[in-house]
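The structure file query21.pdb is reproduced below (PDB, N, CA and C atoms and all ligand atoms).
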MODEL        1
ATOM      1  N   MET C 281      -6.573 -18.213 -25.829
ATOM      2  CA  MET C 281      -6.606 -17.466 -24.570
ATOM      3  C   MET C 281      -5.850 -16.154 -24.715
ATOM      4  N   ALA C 282      -6.558 -15.095 -24.684
ATOM      5  CA  ALA C 282      -5.911 -13.795 -24.795
ATOM      6  C   ALA C 282      -5.397 -13.368 -23.426
ATOM      7  N   THR C 283      -4.345 -12.621 -23.451
ATOM      8  CA  THR C 283      -3.823 -12.095 -22.189
ATOM      9  C   THR C 283      -4.772 -11.024 -21.668
ATOM     10  N   PRO C 284      -5.341 -11.223 -20.487
ATOM     11  CA  PRO C 284      -6.338 -10.265 -19.979
ATOM     12  C   PRO C 284      -5.757  -8.894 -19.710
ATOM     13  N   GLN C 285      -4.549  -8.849 -19.230
ATOM     14  CA  GLN C 285      -3.964  -7.557 -18.885
ATOM     15  C   GLN C 285      -2.595  -7.433 -19.527
ATOM     16  N   ALA C 286      -2.574  -6.876 -20.709
ATOM     17  CA  ALA C 286      -1.299  -6.692 -21.389
ATOM     18  C   ALA C 286      -0.480  -5.599 -20.718
ATOM     19  N   ASP C 287      -1.176  -4.721 -20.021
ATOM     20  CA  ASP C 287      -0.495  -3.586 -19.403
ATOM     21  C   ASP C 287      -0.168  -3.859 -17.937
ATOM     22  N   ILE C 288      -0.062  -5.137 -17.566
ATOM     23  CA  ILE C 288       0.230  -5.462 -16.171
ATOM     24  C   ILE C 288       1.542  -4.806 -15.751
ATOM     25  N   GLU C 289       1.586  -4.393 -14.510
ATOM     26  CA  GLU C 289       2.749  -3.656 -14.038
ATOM     27  C   GLU C 289       4.004  -4.514 -14.033
ATOM     28  N   ASP C 290       5.104  -3.878 -14.108
ATOM     29  CA  ASP C 290       6.386  -4.586 -14.002
ATOM     30  C   ASP C 290       6.429  -5.314 -12.659
ATOM     31  N   PRO C 291       6.678  -6.622 -12.660
ATOM     32  CA  PRO C 291       6.687  -7.364 -11.387
ATOM     33  C   PRO C 291       7.649  -6.764 -10.368
ATOM     34  N   ASP C 292       8.687  -6.144 -10.840
ATOM     35  CA  ASP C 292       9.660  -5.556  -9.920
ATOM     36  C   ASP C 292       9.064  -4.395  -9.131
ATOM     37  N   ASP C 293       7.936  -3.875  -9.610
ATOM     38  CA  ASP C 293       7.325  -2.733  -8.941
ATOM     39  C   ASP C 293       6.200  -3.141  -8.005
ATOM     40  N   THR C 294       5.976  -4.455  -7.875
ATOM     41  CA  THR C 294       4.910  -4.903  -6.984
ATOM     42  C   THR C 294       5.478  -5.847  -5.937
ATOM     43  N   CYS C 295       4.737  -5.990  -4.853
ATOM     44  CA  CYS C 295       5.166  -6.823  -3.737
ATOM     45  C   CYS C 295       5.435  -8.254  -4.211
ATOM     46  N   SER C 296       6.498  -8.837  -3.716
ATOM     47  CA  SER C 296       6.830 -10.221  -4.075
ATOM     48  C   SER C 296       5.921 -11.193  -3.328
ATOM     49  N   ASP C 297       5.039 -10.674  -2.483
ATOM     50  CA  ASP C 297       4.028 -11.482  -1.807
ATOM     51  C   ASP C 297       4.653 -12.642  -1.042
ATOM     52  N   PRO C 298       5.544 -12.358  -0.100
ATOM     53  CA  PRO C 298       6.292 -13.410   0.614
ATOM     54  C   PRO C 298       5.388 -14.331   1.423
ATOM     55  N   PHE C 299       4.185 -13.870   1.760
ATOM     56  CA  PHE C 299       3.273 -14.694   2.561
ATOM     57  C   PHE C 299       2.194 -15.327   1.697
ATOM     58  N   GLU C 300       2.312 -15.141   0.369
ATOM     59  CA  GLU C 300       1.368 -15.733  -0.575
ATOM     60  C   GLU C 300      -0.061 -15.386  -0.187
ATOM     61  N   ASP C 301      -0.251 -14.141   0.213
ATOM     62  CA  ASP C 301      -1.586 -13.655   0.546
ATOM     63  C   ASP C 301      -2.231 -12.976  -0.649
ATOM     64  N   GLY C 302      -1.598 -13.069  -1.791
ATOM     65  CA  GLY C 302      -2.144 -12.394  -2.965
ATOM     66  C   GLY C 302      -1.873 -10.910  -2.938
ATOM     67  N   CYS C 303      -0.892 -10.506  -2.153
ATOM     68  CA  CYS C 303      -0.568  -9.090  -2.045
ATOM     69  C   CYS C 303       0.095  -8.605  -3.329
ATOM     70  N   THR C 304      -0.450  -7.563  -3.898
ATOM     71  CA  THR C 304       0.129  -6.999  -5.116
ATOM     72  C   THR C 304       0.372  -5.515  -4.921
ATOM     73  N   ALA C 305       0.657  -5.130  -3.694
ATOM     74  CA  ALA C 305       0.863  -3.716  -3.399
ATOM     75  C   ALA C 305       2.060  -3.175  -4.174
ATOM     76  N   SER C 306       1.970  -1.930  -4.508
ATOM     77  CA  SER C 306       3.056  -1.288  -5.240
ATOM     78  C   SER C 306       4.231  -0.993  -4.318
ATOM     79  N   LEU C 307       5.417  -1.084  -4.871
ATOM     80  CA  LEU C 307       6.608  -0.748  -4.081
ATOM     81  C   LEU C 307       7.004   0.703  -4.289
ATOM     82  N   ASN C 308       6.193   1.417  -5.057
ATOM     83  CA  ASN C 308       6.565   2.777  -5.441
ATOM     84  C   ASN C 308       6.588   3.737  -4.265
ATOM     85  N   ASP C 309       5.949   3.359  -3.152
ATOM     86  CA  ASP C 309       5.944   4.279  -2.007
ATOM     87  C   ASP C 309       7.259   4.229  -1.249
ATOM     88  N   GLY C 310       8.116   3.249  -1.585
ATOM     89  CA  GLY C 310       9.435   3.181  -0.968
ATOM     90  C   GLY C 310       9.416   2.657   0.452
ATOM     91  N   GLU C 311       8.251   2.178   0.915
ATOM     92  CA  GLU C 311       8.151   1.694   2.294
ATOM     93  C   GLU C 311       8.687   0.268   2.424
ATOM     94  N   GLY C 312       8.635  -0.473   1.357
ATOM     95  CA  GLY C 312       9.008  -1.883   1.434
ATOM     96  C   GLY C 312      10.479  -2.102   1.179
ATOM     97  N   TRP C 313      10.908  -3.335   1.362
ATOM     98  CA  TRP C 313      12.274  -3.707   1.017
ATOM     99  C   TRP C 313      12.306  -5.197   0.736
ATOM    100  N   ASP C 314      13.392  -5.664   0.156
ATOM    101  CA  ASP C 314      13.578  -7.080  -0.142
ATOM    102  C   ASP C 314      12.467  -7.593  -1.051
ATOM    103  N   GLY C 315      11.961  -6.714  -1.935
ATOM    104  CA  GLY C 315      10.947  -7.127  -2.897
ATOM    105  C   GLY C 315       9.555  -7.184  -2.320
ATOM    106  N   ALA C 316       9.404  -6.801  -1.046
ATOM    107  CA  ALA C 316       8.090  -6.839  -0.413
ATOM    108  C   ALA C 316       7.604  -5.424  -0.155
ATOM    109  N   CYS C 317       6.274  -5.262  -0.129
ATOM    110  CA  CYS C 317       5.716  -3.946   0.169
ATOM    111  C   CYS C 317       5.919  -3.628   1.654
ATOM    112  N   GLY C 318       5.592  -2.432   2.049
ATOM    113  CA  GLY C 318       5.789  -2.022   3.446
ATOM    114  C   GLY C 318       5.092  -2.957   4.413
ATOM    115  N   ASN C 319       3.846  -3.323   4.107
ATOM    116  CA  ASN C 319       3.091  -4.182   5.009
ATOM    117  C   ASN C 319       3.769  -5.542   5.158
ATOM    118  N   CYS C 320       4.121  -6.167   4.038
ATOM    119  CA  CYS C 320       4.720  -7.503   4.089
ATOM    120  C   CYS C 320       6.120  -7.418   4.699
ATOM    121  N   ALA C 321       6.855  -6.378   4.382
ATOM    122  CA  ALA C 321       8.194  -6.221   4.939
ATOM    123  C   ALA C 321       8.120  -6.059   6.451
ATOM    124  N   ASP C 322       7.140  -5.281   6.915
ATOM    125  CA  ASP C 322       6.950  -5.135   8.361
ATOM    126  C   ASP C 322       6.617  -6.475   8.986
ATOM    127  N   ARG C 323       5.777  -7.226   8.296
ATOM    128  CA  ARG C 323       5.364  -8.533   8.815
ATOM    129  C   ARG C 323       6.573  -9.472   8.892
ATOM    130  N   LYS C 324       7.395  -9.445   7.842
ATOM    131  CA  LYS C 324       8.607 -10.265   7.858
ATOM    132  C   LYS C 324       9.517  -9.831   8.993
ATOM    133  N   ASP C 325       9.622  -8.516   9.164
ATOM    134  CA  ASP C 325      10.501  -7.989  10.218
ATOM    135  C   ASP C 325      10.001  -8.430  11.581
ATOM    136  N   ASN C 326       8.684  -8.372  11.789
ATOM    137  CA  ASN C 326       8.119  -8.795  13.072
ATOM    138  C   ASN C 326       8.402 -10.275  13.313
ATOM    139  N   GLU C 327       8.255 -11.089  12.282
ATOM    140  CA  GLU C 327       8.514 -12.518  12.451
ATOM    141  C   GLU C 327       9.998 -12.756  12.731
ATOM    142  N   ALA C 328      10.849 -12.004  12.064
ATOM    143  CA  ALA C 328      12.282 -12.149  12.298
ATOM    144  C   ALA C 328      12.625 -11.788  13.736
ATOM    145  N   GLU C 329      12.002 -10.729  14.241
ATOM    146  CA  GLU C 329      12.266 -10.335  15.627
ATOM    147  C   GLU C 329      11.751 -11.403  16.584
ATOM    148  N   THR C 330      10.600 -11.984  16.283
ATOM    149  CA  THR C 330      10.054 -13.040  17.138
ATOM    150  C   THR C 330      10.994 -14.237  17.155
ATOM    151  N   GLN C 331      11.491 -14.613  15.982
ATOM    152  CA  GLN C 331      12.409 -15.750  15.921
ATOM    153  C   GLN C 331      13.699 -15.434  16.661
ATOM    154  N   GLN C 332      14.174 -14.194  16.513
ATOM    155  CA  GLN C 332      15.402 -13.812  17.201
ATOM    156  C   GLN C 332      15.189 -13.861  18.707
ATOM    157  N   ALA C 333      14.003 -13.418  19.163
ATOM    158  CA  ALA C 333      13.709 -13.446  20.600
ATOM    159  C   ALA C 333      13.685 -14.882  21.091
ATOM    160  N   GLN C 334      13.124 -15.776  20.286
ATOM    161  CA  GLN C 334      13.094 -17.185  20.674
ATOM    162  C   GLN C 334      14.512 -17.738  20.739
ATOM    163  N   ARG C 335      15.356 -17.328  19.784
ATOM    164  CA  ARG C 335      16.746 -17.789  19.786
ATOM    165  C   ARG C 335      17.455 -17.291  21.047
ATOM    166  N   ASP C 336      17.189 -16.021  21.386
ATOM    167  CA  ASP C 336      17.805 -15.470  22.581
ATOM    168  C   ASP C 336      17.361 -16.256  23.811
ATOM    169  N   ALA C 337      16.067 -16.586  23.856
ATOM    170  CA  ALA C 337      15.549 -17.343  24.994
ATOM    171  C   ALA C 337      16.204 -18.721  25.034
ATOM    172  N   ASP C 338      16.344 -19.346  23.870
ATOM    173  CA  ASP C 338      16.964 -20.677  23.842
ATOM    174  C   ASP C 338      18.411 -20.611  24.321
ATOM    175  N   SER C 339      19.155 -19.636  23.822
ATOM    176  CA  SER C 339      20.554 -19.547  24.214
ATOM    177  C   SER C 339      20.647 -19.224  25.719
ATOM    178  N   GLY C 340      19.667 -18.450  26.230
ATOM    179  CA  GLY C 340      19.639 -18.159  27.653
ATOM    180  C   GLY C 340      19.454 -19.427  28.450
ATOM    181  N   GLN C 341      18.613 -20.311  27.978
ATOM    182  CA  GLN C 341      18.402 -21.575  28.677
ATOM    183  C   GLN C 341      19.680 -22.427  28.654
ATOM    184  N   GLU C 342      20.372 -22.384  27.500
ATOM    185  CA  GLU C 342      21.615 -23.146  27.414
ATOM    186  C   GLU C 342      22.635 -22.615  28.438
ATOM    187  N   ASP C 343      22.650 -21.294  28.566
ATOM    188  CA  ASP C 343      23.585 -20.717  29.533
ATOM    189  C   ASP C 343      23.228 -21.163  30.958
ATOM    190  N   ASP C 344      21.914 -21.280  31.210
ATOM    191  CA  ASP C 344      21.513 -21.685  32.560
ATOM    192  C   ASP C 344      21.938 -23.117  32.872
ATOM    193  N   GLN C 345      22.014 -23.927  31.816
ATOM    194  CA  GLN C 345      22.333 -25.341  32.039
ATOM    195  C   GLN C 345      23.814 -25.545  32.362
ATOM    196  N   ARG C 346      24.617 -24.543  31.992
ATOM    197  CA  ARG C 346      26.045 -24.728  32.213
ATOM    198  C   ARG C 346      26.447 -24.532  33.655
TER     199      ARG C 346
HETATM  200 ZN    ZN C 401       2.892  -7.064   0.276
ENDMDL
END
As a first step, turn the structure in this file into structure tokens.
Amino acid sequence: MATPQADIEDPDDTCSDPFEDGCTASLNDGEGWDGACGNCADRKDNEAETQQAQRDADSGQEDDQR
């Protein structure tokens, strides 16, 4: 089995594909962070904000119970 792409890009320069969508976008545009491209990083950020909002709502409910 020969290696099909000997010139494959340095993994550090491509999206870490946090959502396992097969994303191999380049990080060279500087839009991404945490090893993810801009699109995936934005998606992670949106999910983080959603989870934070849910946490805020939960803590708000706890405050109401007191
Ligand atoms: Zn990506």
Would you translate the PyMOL selection byres (((not hetatm)) within 8 of (chain C and resi 401)) into the concrete set of residues it matches in this file, as a list in words?
Thr294, Cys295, Ser296, Asp297, Pro298, Phe299, Asp301, Gly302, Cys303, Thr304, Ala305, Ser306, Gly315, Ala316, Cys317, Gly318, Asn319, Cys320 and Ala321 of chain C
Store the residues picked out above in a file with N, CA and C atoms, as an mmCIF file, keeping the file's coordinate frame.
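As a result, part_30.cif now contains:
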data_model
loop_
_atom_site.group_PDB
_atom_site.id
_atom_site.type_symbol
_atom_site.label_atom_id
_atom_site.label_comp_id
_atom_site.auth_asym_id
_atom_site.auth_seq_id
_atom_site.Cartn_x
_atom_site.Cartn_y
_atom_site.Cartn_z
ATOM 1 N N THR C 294 5.976 -4.455 -7.875
ATOM 2 C CA THR C 294 4.910 -4.903 -6.984
ATOM 3 C C THR C 294 5.478 -5.847 -5.937
ATOM 4 N N CYS C 295 4.737 -5.990 -4.853
ATOM 5 C CA CYS C 295 5.166 -6.823 -3.737
ATOM 6 C C CYS C 295 5.435 -8.254 -4.211
ATOM 7 N N SER C 296 6.498 -8.837 -3.716
ATOM 8 C CA SER C 296 6.830 -10.221 -4.075
ATOM 9 C C SER C 296 5.921 -11.193 -3.328
ATOM 10 N N ASP C 297 5.039 -10.674 -2.483
ATOM 11 C CA ASP C 297 4.028 -11.482 -1.807
ATOM 12 C C ASP C 297 4.653 -12.642 -1.042
ATOM 13 N N PRO C 298 5.544 -12.358 -0.100
ATOM 14 C CA PRO C 298 6.292 -13.410 0.614
ATOM 15 C C PRO C 298 5.388 -14.331 1.423
ATOM 16 N N PHE C 299 4.185 -13.870 1.760
ATOM 17 C CA PHE C 299 3.273 -14.694 2.561
ATOM 18 C C PHE C 299 2.194 -15.327 1.697
ATOM 19 N N ASP C 301 -0.251 -14.141 0.213
ATOM 20 C CA ASP C 301 -1.586 -13.655 0.546
ATOM 21 C C ASP C 301 -2.231 -12.976 -0.649
ATOM 22 N N GLY C 302 -1.598 -13.069 -1.791
ATOM 23 C CA GLY C 302 -2.144 -12.394 -2.965
ATOM 24 C C GLY C 302 -1.873 -10.910 -2.938
ATOM 25 N N CYS C 303 -0.892 -10.506 -2.153
ATOM 26 C CA CYS C 303 -0.568 -9.090 -2.045
ATOM 27 C C CYS C 303 0.095 -8.605 -3.329
ATOM 28 N N THR C 304 -0.450 -7.563 -3.898
ATOM 29 C CA THR C 304 0.129 -6.999 -5.116
ATOM 30 C C THR C 304 0.372 -5.515 -4.921
ATOM 31 N N ALA C 305 0.657 -5.130 -3.694
ATOM 32 C CA ALA C 305 0.863 -3.716 -3.399
ATOM 33 C C ALA C 305 2.060 -3.175 -4.174
ATOM 34 N N SER C 306 1.970 -1.930 -4.508
ATOM 35 C CA SER C 306 3.056 -1.288 -5.240
ATOM 36 C C SER C 306 4.231 -0.993 -4.318
ATOM 37 N N GLY C 315 11.961 -6.714 -1.935
ATOM 38 C CA GLY C 315 10.947 -7.127 -2.897
ATOM 39 C C GLY C 315 9.555 -7.184 -2.320
ATOM 40 N N ALA C 316 9.404 -6.801 -1.046
ATOM 41 C CA ALA C 316 8.090 -6.839 -0.413
ATOM 42 C C ALA C 316 7.604 -5.424 -0.155
ATOM 43 N N CYS C 317 6.274 -5.262 -0.129
ATOM 44 C CA CYS C 317 5.716 -3.946 0.169
ATOM 45 C C CYS C 317 5.919 -3.628 1.654
ATOM 46 N N GLY C 318 5.592 -2.432 2.049
ATOM 47 C CA GLY C 318 5.789 -2.022 3.446
ATOM 48 C C GLY C 318 5.092 -2.957 4.413
ATOM 49 N N ASN C 319 3.846 -3.323 4.107
ATOM 50 C CA ASN C 319 3.091 -4.182 5.009
ATOM 51 C C ASN C 319 3.769 -5.542 5.158
ATOM 52 N N CYS C 320 4.121 -6.167 4.038
ATOM 53 C CA CYS C 320 4.720 -7.503 4.089
ATOM 54 C C CYS C 320 6.120 -7.418 4.699
ATOM 55 N N ALA C 321 6.855 -6.378 4.382
ATOM 56 C CA ALA C 321 8.194 -6.221 4.939
ATOM 57 C C ALA C 321 8.120 -6.059 6.451
#
Take CA of Lys324 (chain C) and CA of Gly312 (chain C) and report the distance between them in Å, one decimal.
10.6 Å
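For the pair atom N of Asn308 (chain C) and CA of Asp293 (chain C), the interatomic distance is 5.8 Å.
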Please return the centre and edge lengths, in Å to one decimal, of a box with edges along x, y and z that contains all listed atoms of region 301-308 of chain C, widened by 6 Å on every side, as JSON.
{"center_x": 2.4, "center_y": -5.2, "center_z": -2.4, "size_x": 21.2, "size_y": 29.9, "size_z": 18.0}
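Distance-wise, CA of Asp309 (chain C) and CA of Asp325 (chain C) end up 17.9 Å apart.
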